[in-house]
Protein chains: 2
Amino acid sequence: MGITRQTKQVKTLLNIFDNNEKAISVVDLIKLLEAQMNKTTVYRILDKLMDDGVVHSFVGKGGLKWYAKCQDCSCETHNDVHPHFQCKTCGEVECLSVSFTLPPINGYMVESASLFIVGVCSNCL
Amino acid sequence: MGITRQTKQVKTLLNIFDNNEKAISVVDLIKLLEAQMNKTTVYRILDKLMDDGVVHSFVGKGGLKWYAKCQDCSCETHNDVHPHFQCKTCGEVECLSVSFTLPPINGYMVESASLFIVGVCSNCL
DNA sequence: AAATATAACGCAACTTAGTTGCATTATGAA
DNA sequence: TTCATAATGCAACTAAGTTGCGTTATATTT
């Protein structure tokens with residue numbers, strides 16, 4: 001089950017995602033919000049926002065968890081149908097609004113796929 | 001720099017990768033080898049085998065590091081040019097011998113990309 | 001507006017992945 | 001056999017993420 005009460009903490013997190021097109025790592029979120037809420041609360045609210053299809057998560061290059069607002073992604077199934085891009089220069093991570101086609105894999109049942117791309121973003125080139 | 005001395009521990013690890021087509025997580029390796037070597041040693045040898053282009057690493061679904069023998073992959077650049085597949089049923093992770101084409105991303109410089117697929121493998125279907 | 005059930009929060013303690021520093025061991029060259 | 005030093009083991013540490021439990025605050029009911 002997802003969010004049932006609009007607490008201060010929930011509103012704060014929703015506000016961050018509303019005003020941010022880029023993805024944010026949990027570590028950064030916890031640092032950003034350390035004066036306002038406990039890290040346990042951050043993790044718990046993120047879980048619920050996932051359930052509600054408000055945000056989606058993915059694993060970054062170093063193995064850290066990142067979260068981003070759901071837009072064109074089909075969050076009902078929690079599949080990441082778009083790639084995620086991390087810029088080596090500025091460090092920012094973003095959802096790319098393109099879809100990718102999986103290579104043909106005979107005899108396998110594909111449930112979900114995540115594509116993570118590392119490079120230099122348009123701002124830093 | 002990579003491996004310079006053929007120690008017992010290095011031979012043990014090389015032997016594991018030689019006799020295993022599938023990928024192995026560091027956690028499983030450490031568990032498997034706990035009687036034979038320290039976990040610090042496992043991490044250090046894996047780093048060196050990466051430098052030598054003997055194995056490549058990638059991040060799995062849960063954020064854990066996985067390692068697999070290099071075969072058709074171009075390990076000079078340490079780019080994962082092939083997808084990795086994890087089976088929901090048996091849990092095994094393997095390198096898929098297919099190449100995938102990235103979606104066109106205008107204005108971005110792509111350095112590396114990793115594709116991680118979750119589903120059910122041919123053995124478990 | 002007060003009462004109240006309980007969802008949500010804070011805190012501390014914990015688990016687990018991965019790293020670091022340093023003393024000790026063992027490899028391979030001289 | 002000697003010996004320099006690469007490599008290992010160990011313990012202590014950092015950091016991400018989780019759990020349990022007592023307390024707080026939301027939103028519904030009275």
# chains A, B, ... in the order shown; residues from 1 in each chain; ligands from 1
>>> select_by_dssp(residues="chain A", states="alpha helix (DSSP H)", output="ChimeraX atom specification")
/A:8-18,26-32,39-51
>>> interface_residues(of="chain C", to="chain A", cutoff="12 Å", atoms="only C-alpha atoms (C1' of nucleotides)", output="number ranges by chain")
C: 6-12, 17-18
>>> residues_around(residues="Cys95 (chain B)", least_positions_apart="3", cutoff="9 Å", atoms="only C-alpha atoms (C1' of nucleotides)", output="PyMOL selection string")
chain B and resi 21-23+68+82-85+98
>>> write_last_selection(atoms="all heavy atoms", output="PDB file, in the first residue's frame")
ATOM      1  N   GLU B  21      30.791 -20.618 -16.685  1.00  0.00           N
ATOM      2  CA  GLU B  21      30.362 -19.701 -17.738  1.00  0.00           C
ATOM      3  C   GLU B  21      29.476 -18.585 -17.191  1.00  0.00           C
ATOM      4  O   GLU B  21      29.363 -17.524 -17.758  1.00  0.00           O
ATOM      5  CB  GLU B  21      29.608 -20.466 -18.833  1.00  0.00           C
ATOM      6  CG  GLU B  21      30.442 -21.490 -19.561  1.00  0.00           C
ATOM      7  CD  GLU B  21      31.733 -20.902 -20.146  1.00  0.00           C
ATOM      8  OE1 GLU B  21      31.649 -19.862 -20.826  1.00  0.00           O
ATOM      9  OE2 GLU B  21      32.819 -21.470 -19.895  1.00  0.00           O
ATOM     10  N   LYS B  22      28.843 -18.877 -16.047  1.00  0.00           N
ATOM     11  CA  LYS B  22      27.904 -17.912 -15.472  1.00  0.00           C
ATOM     12  C   LYS B  22      28.648 -16.829 -14.697  1.00  0.00           C
ATOM     13  O   LYS B  22      29.820 -16.989 -14.354  1.00  0.00           O
ATOM     14  CB  LYS B  22      26.953 -18.638 -14.507  1.00  0.00           C
ATOM     15  CG  LYS B  22      26.208 -19.807 -15.132  1.00  0.00           C
ATOM     16  CD  LYS B  22      24.848 -19.381 -15.642  1.00  0.00           C
ATOM     17  CE  LYS B  22      24.183 -20.533 -16.374  1.00  0.00           C
ATOM     18  NZ  LYS B  22      22.755 -20.295 -16.580  1.00  0.00           N
ATOM     19  N   ALA B  23      27.948 -15.772 -14.404  1.00  0.00           N
ATOM     20  CA  ALA B  23      28.508 -14.720 -13.566  1.00  0.00           C
ATOM     21  C   ALA B  23      28.359 -15.088 -12.090  1.00  0.00           C
ATOM     22  O   ALA B  23      27.511 -15.887 -11.724  1.00  0.00           O
ATOM     23  CB  ALA B  23      27.784 -13.410 -13.844  1.00  0.00           C
ATOM     24  N   ALA B  68      32.191 -11.774 -14.212  1.00  0.00           N
ATOM     25  CA  ALA B  68      32.138 -12.886 -15.154  1.00  0.00           C
ATOM     26  C   ALA B  68      33.387 -12.872 -16.018  1.00  0.00           C
ATOM     27  O   ALA B  68      34.021 -11.827 -16.193  1.00  0.00           O
ATOM     28  CB  ALA B  68      30.888 -12.805 -16.029  1.00  0.00           C
ATOM     29  N   HIS B  82      27.744  -6.404 -24.045  1.00  0.00           N
ATOM     30  CA  HIS B  82      26.677  -7.411 -24.084  1.00  0.00           C
ATOM     31  C   HIS B  82      25.776  -7.239 -22.865  1.00  0.00           C
ATOM     32  O   HIS B  82      26.213  -6.742 -21.836  1.00  0.00           O
ATOM     33  CB  HIS B  82      27.282  -8.823 -24.114  1.00  0.00           C
ATOM     34  CG  HIS B  82      28.170  -9.114 -22.943  1.00  0.00           C
ATOM     35  ND1 HIS B  82      29.539  -9.034 -23.000  1.00  0.00           N
ATOM     36  CD2 HIS B  82      27.876  -9.455 -21.671  1.00  0.00           C
ATOM     37  CE1 HIS B  82      30.038  -9.330 -21.829  1.00  0.00           C
ATOM     38  NE2 HIS B  82      29.063  -9.577 -20.995  1.00  0.00           N
ATOM     39  N   PRO B  83      24.502  -7.660 -22.966  1.00  0.00           N
ATOM     40  CA  PRO B  83      23.601  -7.550 -21.828  1.00  0.00           C
ATOM     41  C   PRO B  83      23.857  -8.655 -20.795  1.00  0.00           C
ATOM     42  O   PRO B  83      24.457  -9.683 -21.113  1.00  0.00           O
ATOM     43  CB  PRO B  83      22.209  -7.727 -22.452  1.00  0.00           C
ATOM     44  CG  PRO B  83      22.405  -8.096 -23.877  1.00  0.00           C
ATOM     45  CD  PRO B  83      23.852  -8.195 -24.166  1.00  0.00           C
ATOM     46  N   HIS B  84      23.409  -8.399 -19.590  1.00  0.00           N
ATOM     47  CA  HIS B  84      23.450  -9.414 -18.537  1.00  0.00           C
ATOM     48  C   HIS B  84      22.031  -9.772 -18.144  1.00  0.00           C
ATOM     49  O   HIS B  84      21.153  -8.909 -18.111  1.00  0.00           O
ATOM     50  CB  HIS B  84      24.249  -8.898 -17.341  1.00  0.00           C
ATOM     51  CG  HIS B  84      25.689  -8.692 -17.656  1.00  0.00           C
ATOM     52  ND1 HIS B  84      26.237  -7.455 -17.907  1.00  0.00           N
ATOM     53  CD2 HIS B  84      26.706  -9.594 -17.825  1.00  0.00           C
ATOM     54  CE1 HIS B  84      27.516  -7.588 -18.190  1.00  0.00           C
ATOM     55  NE2 HIS B  84      27.837  -8.868 -18.158  1.00  0.00           N
ATOM     56  N   PHE B  85      21.850 -11.055 -17.883  1.00  0.00           N
ATOM     57  CA  PHE B  85      20.504 -11.560 -17.638  1.00  0.00           C
ATOM     58  C   PHE B  85      20.438 -12.259 -16.286  1.00  0.00           C
ATOM     59  O   PHE B  85      21.277 -13.095 -15.973  1.00  0.00           O
ATOM     60  CB  PHE B  85      20.116 -12.550 -18.745  1.00  0.00           C
ATOM     61  CG  PHE B  85      18.703 -13.056 -18.646  1.00  0.00           C
ATOM     62  CD1 PHE B  85      17.690 -12.430 -19.356  1.00  0.00           C
ATOM     63  CD2 PHE B  85      18.397 -14.142 -17.841  1.00  0.00           C
ATOM     64  CE1 PHE B  85      16.387 -12.895 -19.269  1.00  0.00           C
ATOM     65  CE2 PHE B  85      17.089 -14.602 -17.747  1.00  0.00           C
ATOM     66  CZ  PHE B  85      16.085 -13.980 -18.468  1.00  0.00           C
ATOM     67  N   VAL B  98      24.790 -11.608 -27.238  1.00  0.00           N
ATOM     68  CA  VAL B  98      24.206 -10.795 -28.299  1.00  0.00           C
ATOM     69  C   VAL B  98      24.645  -9.361 -28.058  1.00  0.00           C
ATOM     70  O   VAL B  98      24.963  -8.982 -26.943  1.00  0.00           O
ATOM     71  CB  VAL B  98      22.659 -10.868 -28.306  1.00  0.00           C
ATOM     72  CG1 VAL B  98      22.195 -12.260 -28.620  1.00  0.00           C
ATOM     73  CG2 VAL B  98      22.088 -10.401 -26.971  1.00  0.00           C
TER      74      VAL B  98
END
>>> residues_around(residues="DC13 (chain D)", least_positions_apart="3", cutoff="12 Å", atoms="only C-alpha atoms (C1' of nucleotides)", output="PyMOL selection string")
chain C and resi 18-21
>>> atom_distance(atom1="C1' of DG22 (chain D)", atom2="CA of Gly2 (chain A)")
23.4 Å
>>> atom_distance(atom1="CA of Val81 (chain A)", atom2="CA of Ile105 (chain B)")
15.2 Å
>>> closest_residue(among="B:Leu64, B:Gly53, B:Asp28, B:Glu92", to="chain D", atoms="only C-alpha atoms (C1' of nucleotides)")
B:Leu64
>>> atom_distance(atom1="CA of Ile24 (chain A)", atom2="CA of Val42 (chain A)")
12.3 Å
>>> select_by_dssp(residues="region 21-121 of chain B", states="strand (DSSP E or B)", output="NGL selection string")
:B and (23-25 or 55-59 or 65-69 or 84-87 or 93-95 or 109-120)
>>> interface_residues(of="chain A", to="chain B", cutoff="10 Å", atoms="only C-alpha atoms", output="ChimeraX atom specification")
/A:58-65,82-88,96-125
